[in-house]
$ cat entry-v5.txt   # compact mmCIF, C-alpha atoms
# COMPACT_ATOMS: atom_id res chain seq x y z
CA MET A 285 92.18 95.36 134.95
CA GLU A 286 89.28 96.16 132.61
CA LEU A 287 91.36 98.93 131.03
CA LEU A 288 93.87 96.32 129.85
CA TYR A 289 91.29 94.57 127.68
CA ALA A 290 89.62 95.76 124.46
CA GLU A 291 86.83 94.22 122.40
CA MET A 292 87.67 93.79 118.73
CA PRO A 293 84.91 95.11 116.41
CA PHE A 294 84.80 92.26 113.85
CA SER A 295 85.72 89.07 115.73
CA ARG A 296 83.94 90.26 118.91
CA VAL A 297 86.63 88.86 121.20
CA ARG A 298 88.18 90.62 124.22
CA ILE A 299 91.93 90.97 123.84
CA PHE A 300 94.70 91.81 126.31
CA TRP A 301 95.93 94.81 124.28
CA PRO A 302 99.37 95.21 125.99
CA GLY A 303 100.08 91.78 124.53
CA LEU A 304 99.55 93.28 121.06
CA VAL A 305 102.10 96.00 121.86
CA ILE A 306 104.67 93.44 123.02
CA LEU A 307 104.07 91.28 119.96
CA GLY A 308 104.27 94.25 117.58
CA PHE A 309 107.52 95.78 118.81
CA GLY A 310 109.21 92.50 119.66
CA VAL A 311 108.38 90.78 116.38
CA GLY A 312 109.33 93.96 114.52
CA VAL A 313 112.83 93.74 115.98
CA ILE A 314 112.99 89.97 115.39
CA GLY A 315 111.61 90.18 111.84
CA GLY A 316 114.02 92.92 110.82
CA PHE A 317 116.91 90.89 112.23
CA PHE A 318 116.03 87.44 110.89
CA GLY A 319 114.56 88.68 107.60
CA ILE A 320 111.22 86.98 108.11
CA GLY A 321 107.85 88.58 108.57
CA GLY A 322 107.37 87.08 112.02
CA GLY A 323 103.99 85.51 111.20
CA TRP A 324 105.29 82.22 112.55
CA MET A 325 105.23 83.98 115.95
CA VAL A 326 102.41 86.51 115.46
CA THR A 327 99.72 84.16 114.11
CA PRO A 328 100.00 81.61 116.95
CA GLY A 329 100.57 84.53 119.34
CA LEU A 330 97.30 86.23 118.29
CA ASN A 331 95.50 82.89 118.46
CA ILE A 332 96.88 82.31 121.96
CA LEU A 333 95.76 85.83 123.00
CA GLY A 334 92.20 84.96 121.93
CA PHE A 335 91.70 85.59 118.19
CA PRO A 336 90.01 82.82 116.14
CA MET A 337 92.61 81.30 113.80
CA ALA A 338 91.23 82.84 110.58
CA PHE A 339 91.25 86.32 112.18
CA ALA A 340 94.76 85.71 113.56
CA ILE A 341 95.99 84.93 110.04
CA GLY A 342 94.31 87.93 108.39
CA THR A 343 95.35 90.40 111.11
CA ASP A 344 98.95 89.25 111.02
CA LEU A 345 99.13 89.63 107.24
CA ALA A 346 97.85 93.22 107.50
CA HIS A 347 100.50 94.24 110.05
CA MET A 348 103.24 92.19 108.38
CA ALA A 349 103.13 94.00 105.03
CA GLY A 350 103.84 97.44 106.48
CA LYS A 351 106.55 96.19 108.84
CA SER A 352 108.37 94.30 106.12
CA LEU A 353 108.38 97.37 103.86
CA VAL A 354 110.18 99.37 106.56
CA SER A 355 112.76 96.59 107.00
CA THR A 356 113.25 96.26 103.24
CA LEU A 357 114.18 99.93 102.90
CA ARG A 358 116.77 99.53 105.65
CA HIS A 359 118.29 96.39 104.13
CA ALA A 360 118.38 97.98 100.67
CA ARG A 361 120.67 100.68 102.06
CA PHE A 362 123.12 97.93 103.08
CA GLY A 363 122.97 96.28 99.63
CA ASN A 364 121.23 93.19 101.02
CA VAL A 365 118.27 93.05 98.61
CA ASP A 366 118.35 91.24 95.24
CA PHE A 367 115.27 92.86 93.69
CA ARG A 368 115.44 90.73 90.55
CA LEU A 369 115.29 87.53 92.56
CA GLY A 370 112.54 88.93 94.79
CA VAL A 371 110.28 89.97 91.91
CA LEU A 372 110.57 86.52 90.35
CA MET A 373 109.54 84.84 93.61
CA VAL A 374 106.55 87.16 94.03
CA ALA A 375 104.95 85.76 90.87
CA GLY A 376 104.87 82.25 92.35
CA THR A 377 103.93 83.49 95.81
CA ILE A 378 100.71 85.20 94.74
CA VAL A 379 99.40 82.05 93.04
CA GLY A 380 100.32 79.89 96.01
CA PHE A 381 98.87 82.35 98.50
CA GLU A 382 95.39 82.33 96.98
CA ALA A 383 95.39 78.52 97.07
CA GLY A 384 96.33 78.61 100.77
CA ALA A 385 93.67 81.20 101.63
CA GLN A 386 90.99 79.10 99.93
CA THR A 387 92.18 76.10 101.96
CA VAL A 388 91.65 78.06 105.20
CA MET A 389 88.12 79.09 104.16
CA TRP A 390 87.28 75.44 103.46
CA LEU A 391 88.72 74.30 106.81
CA GLU A 392 86.76 77.03 108.60
CA ARG A 393 83.52 75.75 107.07
CA THR A 394 84.33 72.24 108.32
CA GLY A 395 85.11 73.54 111.83
CA ARG A 396 88.63 72.08 111.86
CA VAL A 397 90.73 75.13 111.02
CA ASP A 398 92.26 75.68 114.50
CA VAL A 399 93.41 72.08 114.98
CA ILE A 400 94.67 71.57 111.42
CA VAL A 401 96.61 74.85 111.28
CA ARG A 402 98.18 74.28 114.70
CA LEU A 403 99.27 70.79 113.68
CA ALA A 404 100.70 72.25 110.46
CA TYR A 405 102.62 74.78 112.56
CA LEU A 406 104.05 72.03 114.76
CA LEU A 407 105.21 70.03 111.74
CA LEU A 408 106.68 73.08 110.01
CA LEU A 409 108.41 74.46 113.09
CA GLY A 410 109.76 71.02 113.95
CA LEU A 411 111.32 70.54 110.51
CA VAL A 412 112.86 74.01 110.43
CA ALA A 413 114.16 73.74 114.00
CA TRP A 414 115.74 70.36 113.20
CA ARG A 415 117.51 71.78 110.13
CA LEU A 416 118.75 74.87 111.92
CA LEU A 417 119.89 73.00 115.04
CA ARG A 418 121.71 70.50 112.83
CA ASP A 419 123.50 73.38 111.15
CA VAL A 420 124.40 75.05 114.45
CA SER A 421 125.59 71.81 116.10
CA GLY A 422 127.77 71.00 113.08
CA GLY A 423 130.61 72.91 114.71
CA ARG A 424 131.26 75.28 111.81
CA SER A 425 133.54 78.11 112.88
CA ASP A 426 132.57 81.75 112.73
CA GLN A 427 135.66 82.40 110.63
CA ALA A 428 134.20 80.29 107.83
CA ARG A 429 131.18 82.59 107.84
CA GLU A 430 132.92 85.93 107.96
CA GLY A 431 132.12 86.62 104.35
CA GLU A 432 128.37 86.45 104.94
CA GLY A 433 128.15 87.89 108.42
CA GLY A 434 130.69 90.66 108.52
CA SER A 435 130.18 92.11 105.09
CA HIS A 436 127.30 93.31 103.03
CA SER A 437 129.07 93.34 99.67
CA VAL A 438 128.50 91.09 96.68
CA ALA A 439 132.03 89.77 97.12
CA SER A 440 130.93 88.08 100.32
CA ALA A 441 129.03 85.54 98.21
CA ALA A 442 132.30 83.76 97.53
CA LEU A 443 132.74 82.96 101.22
CA ARG A 444 129.71 80.79 101.87
CA PRO A 445 129.72 78.26 104.71
CA ALA A 446 130.96 74.79 103.99
CA GLY A 447 128.28 72.24 103.30
CA ARG A 448 125.82 74.59 101.61
CA ARG A 449 124.03 72.90 98.74
CA ARG A 450 122.67 74.51 95.62
CA VAL A 451 119.86 73.31 93.41
CA ALA A 452 121.36 71.59 90.38
CA LEU A 453 118.29 72.25 88.21
CA ARG A 454 119.30 73.91 84.92
CA ILE A 455 115.99 74.00 83.01
CA PRO A 456 115.95 77.11 80.77
CA PRO A 457 115.81 79.97 81.24
CA VAL A 458 118.88 80.03 83.47
CA LEU A 459 119.34 83.45 85.07
CA ARG A 460 122.07 85.16 87.04
CA PHE A 461 121.28 87.20 90.14
CA PRO A 462 124.35 89.41 90.71
CA ARG A 463 123.49 90.79 94.15
CA ALA A 464 122.99 87.28 95.54
CA GLY A 465 125.88 85.86 93.53
CA VAL A 466 123.60 83.05 92.28
CA ARG A 467 123.03 81.52 88.84
CA CYS A 468 120.11 79.09 88.53
CA SER A 469 117.01 78.15 86.58
CA ALA A 470 114.18 80.68 86.85
CA TRP A 471 111.92 77.80 87.85
CA CYS A 472 113.76 77.39 91.19
CA PRO A 473 112.79 80.80 92.68
CA LEU A 474 109.29 80.39 91.21
CA ALA A 475 108.89 77.00 92.94
CA VAL A 476 110.14 78.46 96.25
CA GLY A 477 107.63 81.31 95.89
CA LEU A 478 104.75 78.94 95.05
CA GLY A 479 105.40 76.68 98.05
CA THR A 480 105.95 79.47 100.56
CA GLY A 481 102.95 81.37 99.16
CA TRP A 482 100.68 78.40 99.89
CA LEU A 483 102.05 78.19 103.44
CA SER A 484 101.55 81.94 103.84
CA GLY A 485 97.90 81.75 102.81
CA LEU A 486 97.29 78.67 104.97
CA MET A 487 99.14 79.72 108.12
CA GLY A 488 99.40 83.50 107.99
CA ILE A 489 103.18 83.47 107.83
CA GLY A 490 105.14 85.59 105.42
CA GLY A 491 106.82 82.44 104.17
CA GLY A 492 110.24 83.63 105.32
CA LEU A 493 110.44 80.82 107.84
CA ILE A 494 110.88 78.53 104.84
CA ARG A 495 112.06 81.00 102.21
CA VAL A 496 115.17 82.24 104.06
CA PRO A 497 116.51 78.69 104.64
CA ALA A 498 115.57 77.82 101.03
CA LEU A 499 117.49 80.81 99.66
CA ILE A 500 120.48 79.91 101.84
CA TYR A 501 120.60 76.13 101.49
CA LEU A 502 119.03 75.52 98.07
CA LEU A 503 120.00 78.55 95.97
CA GLY A 504 123.24 79.38 97.82
CA CYS A 505 122.50 83.02 98.80
CA PRO A 506 124.59 84.61 101.55
CA THR A 507 122.56 84.89 104.75
CA HIS A 508 122.28 88.68 104.72
CA VAL A 509 121.15 88.80 101.08
CA ALA A 510 118.59 86.06 101.80
CA VAL A 511 117.33 88.15 104.73
CA GLY A 512 116.92 91.37 102.73
CA THR A 513 115.49 89.74 99.61
CA ASP A 514 112.92 87.80 101.61
CA LEU A 515 111.73 90.96 103.37
CA PHE A 516 111.15 92.61 99.99
CA GLU A 517 109.15 89.59 98.85
CA VAL A 518 107.17 89.54 102.10
CA ALA A 519 106.28 93.24 101.77
CA VAL A 520 104.86 92.79 98.25
CA SER A 521 103.07 89.49 98.80
CA GLY A 522 101.88 90.60 102.26
CA LEU A 523 99.98 93.51 100.73
CA TYR A 524 98.16 91.08 98.45
CA GLY A 525 97.46 88.71 101.34
CA ALA A 526 96.13 91.48 103.57
CA ALA A 527 93.74 92.62 100.82
CA THR A 528 92.51 89.05 100.25
CA TYR A 529 91.73 88.38 103.92
CA ALA A 530 90.17 91.84 104.40
CA TYR A 531 87.84 91.10 101.46
CA LYS A 532 86.88 87.84 103.19
CA GLY A 533 86.10 89.77 106.43
CA ARG A 534 88.83 88.06 108.47
CA THR A 535 91.07 91.02 109.39
CA GLU A 536 91.06 93.12 112.59
CA LEU A 537 92.58 96.38 111.37
CA ALA A 538 92.53 97.92 114.87
CA ALA A 539 94.75 95.17 116.24
CA ALA A 540 97.00 95.34 113.16
CA LEU A 541 97.50 99.09 113.63
CA ILE A 542 98.37 98.70 117.33
CA MET A 543 101.04 96.16 116.41
CA LEU A 544 102.27 98.12 113.39
CA ILE A 545 103.11 101.23 115.45
CA GLY A 546 105.59 99.28 117.56
CA ALA A 547 106.66 96.99 114.72
CA SER A 548 107.76 99.87 112.46
CA ALA A 549 110.25 101.12 115.06
CA GLY A 550 111.34 97.61 115.99
CA ALA A 551 111.91 96.57 112.37
CA GLN A 552 114.40 99.38 111.78
CA ILE A 553 116.36 98.43 114.90
CA GLY A 554 116.42 94.75 113.88
CA ALA A 555 117.57 95.52 110.33
CA VAL A 556 120.46 97.70 111.56
CA ALA A 557 121.43 95.05 114.12
CA THR A 558 122.31 92.61 111.30
CA LYS A 559 125.38 94.79 110.65
CA TYR A 560 126.81 93.59 113.95
CA ALA A 561 125.96 89.86 113.80
CA ARG A 562 127.46 87.01 111.80
CA GLY A 563 125.22 84.76 109.72
CA TYR A 564 126.03 81.86 112.05
CA ARG A 565 124.83 83.88 115.04
CA ILE A 566 121.58 84.76 113.26
CA ARG A 567 120.84 81.09 112.53
CA SER A 568 121.60 80.07 116.12
CA MET A 569 119.11 82.58 117.51
CA LEU A 570 116.52 81.64 114.88
CA ALA A 571 116.76 77.99 115.95
CA VAL A 572 115.96 78.97 119.56
CA ALA A 573 113.04 81.14 118.42
CA VAL A 574 111.50 78.39 116.26
CA THR A 575 111.83 75.76 119.01
CA GLY A 576 110.20 77.98 121.63
CA CYS A 577 107.37 78.97 119.31
CA GLY A 578 106.67 75.31 118.56
CA ALA A 579 106.47 74.59 122.29
CA SER A 580 103.85 77.32 122.78
CA VAL A 581 101.72 75.92 119.94
CA LEU A 582 101.96 72.44 121.50
CA LEU A 583 100.70 73.81 124.83
CA LYS A 584 97.71 75.34 123.04
CA LEU A 585 96.93 72.00 121.38
CA LEU A 586 97.15 70.19 124.70
CA ALA A 587 94.74 72.72 126.22
CA ALA A 588 92.13 71.75 123.62
CA VAL A 589 92.27 68.05 124.60
CA GLN A 590 92.73 68.53 128.37
CA PRO A 591 89.71 70.59 129.52
CA GLN A 592 90.57 70.20 133.22
CA ALA A 593 93.93 71.91 132.71
CA ARG A 594 92.85 74.26 129.93
CA ARG A 595 93.31 77.56 131.77
CA LEU A 596 96.72 76.52 133.09
CA LEU A 597 97.99 75.36 129.69
CA GLU A 598 96.63 78.39 127.83
CA GLY A 599 98.20 80.69 130.42
CA ALA A 600 101.53 78.90 130.06
CA ALA A 601 101.33 79.23 126.26
CA THR A 602 100.66 82.97 126.52
CA VAL A 603 103.52 83.53 128.97
CA LEU A 604 105.90 81.46 126.82
CA ILE A 605 105.22 83.24 123.52
CA LEU A 606 105.39 86.73 125.06
CA SER A 607 108.51 85.86 127.05
CA LEU A 608 110.15 84.40 123.95
CA VAL A 609 109.44 87.51 121.89
CA SER A 610 110.67 89.78 124.69
CA ALA A 611 113.87 87.78 125.29
CA LEU A 612 114.81 87.60 121.61
CA ALA A 613 114.06 91.28 121.04
CA GLY A 614 116.14 92.14 124.11
CA SER A 615 119.08 90.08 122.87
CA ILE A 616 118.97 91.76 119.45
CA LEU A 617 118.73 95.20 121.07
CA ARG A 618 121.85 94.44 123.12
CA GLN A 619 123.75 93.52 119.95
CA PHE A 620 122.50 96.72 118.30
CA LEU A 621 123.59 98.94 121.20
CA ARG A 622 126.95 97.17 121.57
CA GLY A 623 127.64 97.55 117.85
CA VAL A 624 126.75 101.24 117.88
CA ARG A 625 129.04 101.84 120.87
CA GLN A 626 131.91 100.02 119.15
CA GLU A 627 131.40 102.03 115.97
CA ARG A 628 131.45 105.30 117.86
CA ALA A 629 134.53 104.26 119.80
CA ALA A 630 136.33 103.34 116.55
CA ARG A 631 135.42 106.69 114.98
CA SER A 632 136.67 108.65 117.96
CA LYS A 633 140.09 106.99 117.63
CA ARG A 634 140.53 107.95 113.96
CA PRO A 635 143.05 110.73 113.37
CA VAL A 636 141.55 113.99 112.19
CA ALA A 637 142.84 114.99 108.75
CA LEU A 638 144.46 118.44 108.58
CA LEU A 639 143.04 120.76 105.95
$ encode --input "entry-v5.txt" --output "structure tokens"
Amino acid sequence: MELLYAEMPFSRVRIFWPGLVILGFGVGVIGGFFGIGGGWMVTPGLNILGFPMAFAIGTDLAHMAGKSLVSTLRHARFGNVDFRLGVLMVAGTIVGFEAGAQTVMWLERTGRVDVIVRLAYLLLLGLVAWRLLRDVSGGRSDQAREGEGGSHSVASAALRPAGRRRVALRIPPVLRFPRAGVRCSAWCPLAVGLGTGWLSGLMGIGGGLIRVPALIYLLGCPTHVAVGTDLFEVAVSGLYGAATYAYKGRTELAAALIMLIGASAGAQIGAVATKYARGYRIRSMLAVAVTGCGASVLLKLLAAVQPQARRLLEGAATVLILSLVSALAGSILRQFLRGVRQERAARSKRPVALL
């Protein structure tokens, strides 16, 4: 059993390294599919595996930047990335991120960082899960979402789901983003970037957990364009975040590299799998993922206030987060393999043109 544990050089904690492999590959698949960096799973997952919260945040940011870059390249091939929109959001994200990172350093000095960040995760995950579950339970048909789920073209922007709201703000300058099919004030993407940047610096998430829903529900982007554009933004801002936390001495590069090896392969699989899933299906699975992740964080909080059941609750939290990542990655892999088989079957039935 000793071979399954490794001591990290900076944080000096012993880590179950196969858990890092599972997190890396599984979250790579999930992040490429949902269009979010996966920090909302990785940061609490690393904390549950034994990393102090500040190290969990810094290590996740280091692995997240490389993984998101791989996913962005894949999504760009499908025409899912609005680079103009992404660059504008990055400007706000960097400012917000530094504010969030400074907040973590202050909380660490007060000795309250673990409790405060976990409570912030619970609140955030609860709000996002409520919004996604409300959307899923609304009974909207898959046919109404065909334009965003079955196509990767700009024309699909015209077929957005019913009930989607756009920000009415028209403060100059008002810009048009052709790939996303959106026209809005430049201050809207900047505000989204600022807010998600602060959350990223505070909680170690790429911000996609909030940014993807914001792009969909506030700006009116099709789901697949929101996915690809967010991954581009995460890749750029993640590089800045990783450098900031490394400078502060809160990054375990060894753990990040272990996760990145599996995450790079998983991210490509997840990005390709979006070809075979409707936007409605993506949101349904994301709602399950967010709810399960919130439950694991709650178990970790309960372990801190129930010393007599601490080992049991921490073990349950570890099993839950790893099982959740494995189950979601497995479901996405099944969609990927089924879609590839269907594509090959369709090609084999095409008549061969005579030369």
$ atom_distance --input "entry-v5.txt" --atom1 "CA of Lys559 in chain A" --atom2 "CA of Phe367 in chain A"
19.8 Å
$ residues_around --input "entry-v5.txt" --residues "Gln619 in chain A" --least-positions-apart "4" --cutoff "8 Å" --atoms "all atoms listed in the file" --output "MDAnalysis selection string"
chainID A and resid 557 560:561 615 623
$ closest_residue --input "entry-v5.txt" --among "A:Val556, A:Val609, A:Ala526, A:Val399" --to "Leu586 in chain A" --atoms "all atoms listed in the file"
A:Val399
$ residues_around --input "entry-v5.txt" --residues "Leu357 in chain A" --least-positions-apart "2" --cutoff "12 Å" --atoms "only C-alpha atoms" --output "PyMOL selection string"
chain A and resi 316+350-355+359-365+367+512-513+515-516+519+548+551-552+555-556
$ closest_residue --input "entry-v5.txt" --among "A:Cys505, A:Val379, A:Ile400, A:Val313" --to "Leu617 in chain A" --atoms "all atoms listed in the file"
A:Val313
$ residues_near_point --input "entry-v5.txt" --point "(97.0, 73.8, 128.8)" --cutoff "9 Å" --atoms "all atoms listed in the file" --output "ChimeraX atom specification"
/A:582-601
$ atom_distance --input "entry-v5.txt" --atom1 "CA of Phe317 in chain A" --atom2 "CA of Ile616 in chain A"
7.6 Å
$ atom_distance --input "entry-v5.txt" --atom1 "CA of Gly578 in chain A" --atom2 "CA of Glu517 in chain A"
24.5 Å
$ residues_around --input "entry-v5.txt" --residues "range 388-396 of chain A" --least-positions-apart "5" --cutoff "8 Å" --atoms "only C-alpha atoms" --output "PyMOL selection string"
chain A and resi 338+485-486
$ residues_around --input "entry-v5.txt" --residues "Ala579 in chain A" --least-positions-apart "2" --cutoff "12 Å" --atoms "all atoms listed in the file" --output "PyMOL selection string"
chain A and resi 325+328-329+402-403+405-407+409-410+413+572-577+581-586+597-598+600-605+608
$ residues_around --input "entry-v5.txt" --residues "Gly342 in chain A" --least-positions-apart "2" --cutoff "12 Å" --atoms "only C-alpha atoms" --output "PyMOL selection string"
chain A and resi 294-295+323+326-327+330-331+335-340+344-349+385+388-389+484-490+522-537+539-540
$ closest_residue --input "entry-v5.txt" --among "A:Pro456, A:Gly376, A:Gly310, A:Pro462" --to "Val476 in chain A" --atoms "all atoms listed in the file"
A:Gly376
$ closest_residue --input "entry-v5.txt" --among "A:Ile553, A:Leu612, A:Leu474, A:Leu606" --to "Arg358 in chain A" --atoms "only C-alpha atoms"
A:Ile553
$ axis_aligned_box --input "entry-v5.txt" --around "range 601-609 of chain A" --padding-each-side "8 Å" --output "AutoDock Vina command-line options"
--center_x 105.4 --center_y 83.4 --center_z 125.4 --size_x 25.5 --size_y 24.3 --size_z 23.1
$ closest_residue --input "entry-v5.txt" --among "A:Val509, A:Ala571, A:Leu621, A:Ile545" --to "Asp366 in chain A" --atoms "only C-alpha atoms"
A:Val509
$ build_atoms --input "entry-v5.txt" --residues "range 565-597 of chain A" --atoms "N, CA and C atoms" --output "PDB file, in the frame of the given file"
ATOM      1  N   ARG A 565     125.522  83.415 113.839  1.00  0.00           N
ATOM      2  CA  ARG A 565     124.830  83.880 115.040  1.00  0.00           C
ATOM      3  C   ARG A 565     123.337  84.040 114.765  1.00  0.00           C
ATOM      4  N   ILE A 566     122.987  84.574 113.606  1.00  0.00           N
ATOM      5  CA  ILE A 566     121.580  84.760 113.260  1.00  0.00           C
ATOM      6  C   ILE A 566     120.861  83.424 113.226  1.00  0.00           C
ATOM      7  N   ARG A 567     121.486  82.406 112.619  1.00  0.00           N
ATOM      8  CA  ARG A 567     120.840  81.090 112.530  1.00  0.00           C
ATOM      9  C   ARG A 567     120.708  80.431 113.892  1.00  0.00           C
ATOM     10  N   SER A 568     121.673  80.642 114.780  1.00  0.00           N
ATOM     11  CA  SER A 568     121.600  80.070 116.120  1.00  0.00           C
ATOM     12  C   SER A 568     120.405  80.633 116.886  1.00  0.00           C
ATOM     13  N   MET A 569     120.225  81.949 116.812  1.00  0.00           N
ATOM     14  CA  MET A 569     119.110  82.580 117.510  1.00  0.00           C
ATOM     15  C   MET A 569     117.769  82.192 116.879  1.00  0.00           C
ATOM     16  N   LEU A 570     117.745  82.051 115.567  1.00  0.00           N
ATOM     17  CA  LEU A 570     116.520  81.640 114.880  1.00  0.00           C
ATOM     18  C   LEU A 570     116.100  80.243 115.307  1.00  0.00           C
ATOM     19  N   ALA A 571     117.070  79.349 115.511  1.00  0.00           N
ATOM     20  CA  ALA A 571     116.760  77.990 115.950  1.00  0.00           C
ATOM     21  C   ALA A 571     116.089  78.004 117.321  1.00  0.00           C
ATOM     22  N   VAL A 572     116.571  78.846 118.228  1.00  0.00           N
ATOM     23  CA  VAL A 572     115.960  78.970 119.560  1.00  0.00           C
ATOM     24  C   VAL A 572     114.543  79.509 119.442  1.00  0.00           C
ATOM     25  N   ALA A 573     114.356  80.524 118.579  1.00  0.00           N
ATOM     26  CA  ALA A 573     113.040  81.140 118.420  1.00  0.00           C
ATOM     27  C   ALA A 573     112.023  80.125 117.886  1.00  0.00           C
ATOM     28  N   VAL A 574     112.415  79.357 116.875  1.00  0.00           N
ATOM     29  CA  VAL A 574     111.500  78.390 116.260  1.00  0.00           C
ATOM     30  C   VAL A 574     111.121  77.294 117.253  1.00  0.00           C
ATOM     31  N   THR A 575     112.100  76.814 118.029  1.00  0.00           N
ATOM     32  CA  THR A 575     111.830  75.760 119.010  1.00  0.00           C
ATOM     33  C   THR A 575     110.862  76.237 120.083  1.00  0.00           C
ATOM     34  N   GLY A 576     111.085  77.448 120.595  1.00  0.00           N
ATOM     35  CA  GLY A 576     110.200  77.980 121.630  1.00  0.00           C
ATOM     36  C   GLY A 576     108.798  78.236 121.125  1.00  0.00           C
ATOM     37  N   CYS A 577     108.686  78.724 119.885  1.00  0.00           N
ATOM     38  CA  CYS A 577     107.370  78.970 119.310  1.00  0.00           C
ATOM     39  C   CYS A 577     106.604  77.656 119.138  1.00  0.00           C
ATOM     40  N   GLY A 578     107.300  76.622 118.699  1.00  0.00           N
ATOM     41  CA  GLY A 578     106.670  75.310 118.560  1.00  0.00           C
ATOM     42  C   GLY A 578     106.156  74.786 119.888  1.00  0.00           C
ATOM     43  N   ALA A 579     106.906  75.034 120.965  1.00  0.00           N
ATOM     44  CA  ALA A 579     106.470  74.590 122.290  1.00  0.00           C
ATOM     45  C   ALA A 579     105.185  75.287 122.723  1.00  0.00           C
ATOM     46  N   SER A 580     105.069  76.590 122.399  1.00  0.00           N
ATOM     47  CA  SER A 580     103.850  77.320 122.780  1.00  0.00           C
ATOM     48  C   SER A 580     102.630  76.804 122.010  1.00  0.00           C
ATOM     49  N   VAL A 581     102.815  76.464 120.730  1.00  0.00           N
ATOM     50  CA  VAL A 581     101.720  75.920 119.940  1.00  0.00           C
ATOM     51  C   VAL A 581     101.293  74.554 120.492  1.00  0.00           C
ATOM     52  N   LEU A 582     102.259  73.749 120.924  1.00  0.00           N
ATOM     53  CA  LEU A 582     101.960  72.440 121.500  1.00  0.00           C
ATOM     54  C   LEU A 582     101.131  72.580 122.782  1.00  0.00           C
ATOM     55  N   LEU A 583     101.472  73.576 123.605  1.00  0.00           N
ATOM     56  CA  LEU A 583     100.700  73.810 124.830  1.00  0.00           C
ATOM     57  C   LEU A 583      99.249  74.165 124.497  1.00  0.00           C
ATOM     58  N   LYS A 584      99.066  74.970 123.444  1.00  0.00           N
ATOM     59  CA  LYS A 584      97.710  75.340 123.040  1.00  0.00           C
ATOM     60  C   LYS A 584      96.929  74.130 122.547  1.00  0.00           C
ATOM     61  N   LEU A 585      97.589  73.227 121.835  1.00  0.00           N
ATOM     62  CA  LEU A 585      96.930  72.000 121.380  1.00  0.00           C
ATOM     63  C   LEU A 585      96.543  71.113 122.549  1.00  0.00           C
ATOM     64  N   LEU A 586      97.438  71.002 123.522  1.00  0.00           N
ATOM     65  CA  LEU A 586      97.150  70.190 124.700  1.00  0.00           C
ATOM     66  C   LEU A 586      95.975  70.755 125.488  1.00  0.00           C
ATOM     67  N   ALA A 587      95.852  72.089 125.503  1.00  0.00           N
ATOM     68  CA  ALA A 587      94.740  72.720 126.220  1.00  0.00           C
ATOM     69  C   ALA A 587      93.397  72.329 125.610  1.00  0.00           C
ATOM     70  N   ALA A 588      93.378  72.101 124.299  1.00  0.00           N
ATOM     71  CA  ALA A 588      92.130  71.750 123.620  1.00  0.00           C
ATOM     72  C   ALA A 588      91.673  70.327 123.959  1.00  0.00           C
ATOM     73  N   VAL A 589      92.630  69.447 124.316  1.00  0.00           N
ATOM     74  CA  VAL A 589      92.270  68.050 124.600  1.00  0.00           C
ATOM     75  C   VAL A 589      92.311  67.727 126.088  1.00  0.00           C
ATOM     76  N   GLN A 590      92.684  68.709 126.920  1.00  0.00           N
ATOM     77  CA  GLN A 590      92.730  68.530 128.370  1.00  0.00           C
ATOM     78  C   GLN A 590      91.897  69.630 129.037  1.00  0.00           C
ATOM     79  N   PRO A 591      90.566  69.515 128.996  1.00  0.00           N
ATOM     80  CA  PRO A 591      89.710  70.590 129.520  1.00  0.00           C
ATOM     81  C   PRO A 591      89.981  70.937 130.977  1.00  0.00           C
ATOM     82  N   GLN A 592      90.352  69.950 131.805  1.00  0.00           N
ATOM     83  CA  GLN A 592      90.570  70.200 133.220  1.00  0.00           C
ATOM     84  C   GLN A 592      91.794  71.077 133.471  1.00  0.00           C
ATOM     85  N   ALA A 593      92.727  71.082 132.543  1.00  0.00           N
ATOM     86  CA  ALA A 593      93.930  71.910 132.710  1.00  0.00           C
ATOM     87  C   ALA A 593      93.999  73.011 131.651  1.00  0.00           C
ATOM     88  N   ARG A 594      92.855  73.327 131.061  1.00  0.00           N
ATOM     89  CA  ARG A 594      92.850  74.260 129.930  1.00  0.00           C
ATOM     90  C   ARG A 594      93.380  75.639 130.303  1.00  0.00           C
ATOM     91  N   ARG A 595      92.890  76.215 131.390  1.00  0.00           N
ATOM     92  CA  ARG A 595      93.310  77.560 131.770  1.00  0.00           C
ATOM     93  C   ARG A 595      94.803  77.608 132.081  1.00  0.00           C
ATOM     94  N   LEU A 596      95.298  76.573 132.753  1.00  0.00           N
ATOM     95  CA  LEU A 596      96.720  76.520 133.090  1.00  0.00           C
ATOM     96  C   LEU A 596      97.581  76.426 131.842  1.00  0.00           C
ATOM     97  N   LEU A 597      97.205  75.544 130.909  1.00  0.00           N
ATOM     98  CA  LEU A 597      97.990  75.360 129.690  1.00  0.00           C
ATOM     99  C   LEU A 597      97.928  76.585 128.780  1.00  0.00           C
TER     100      LEU A 597
END
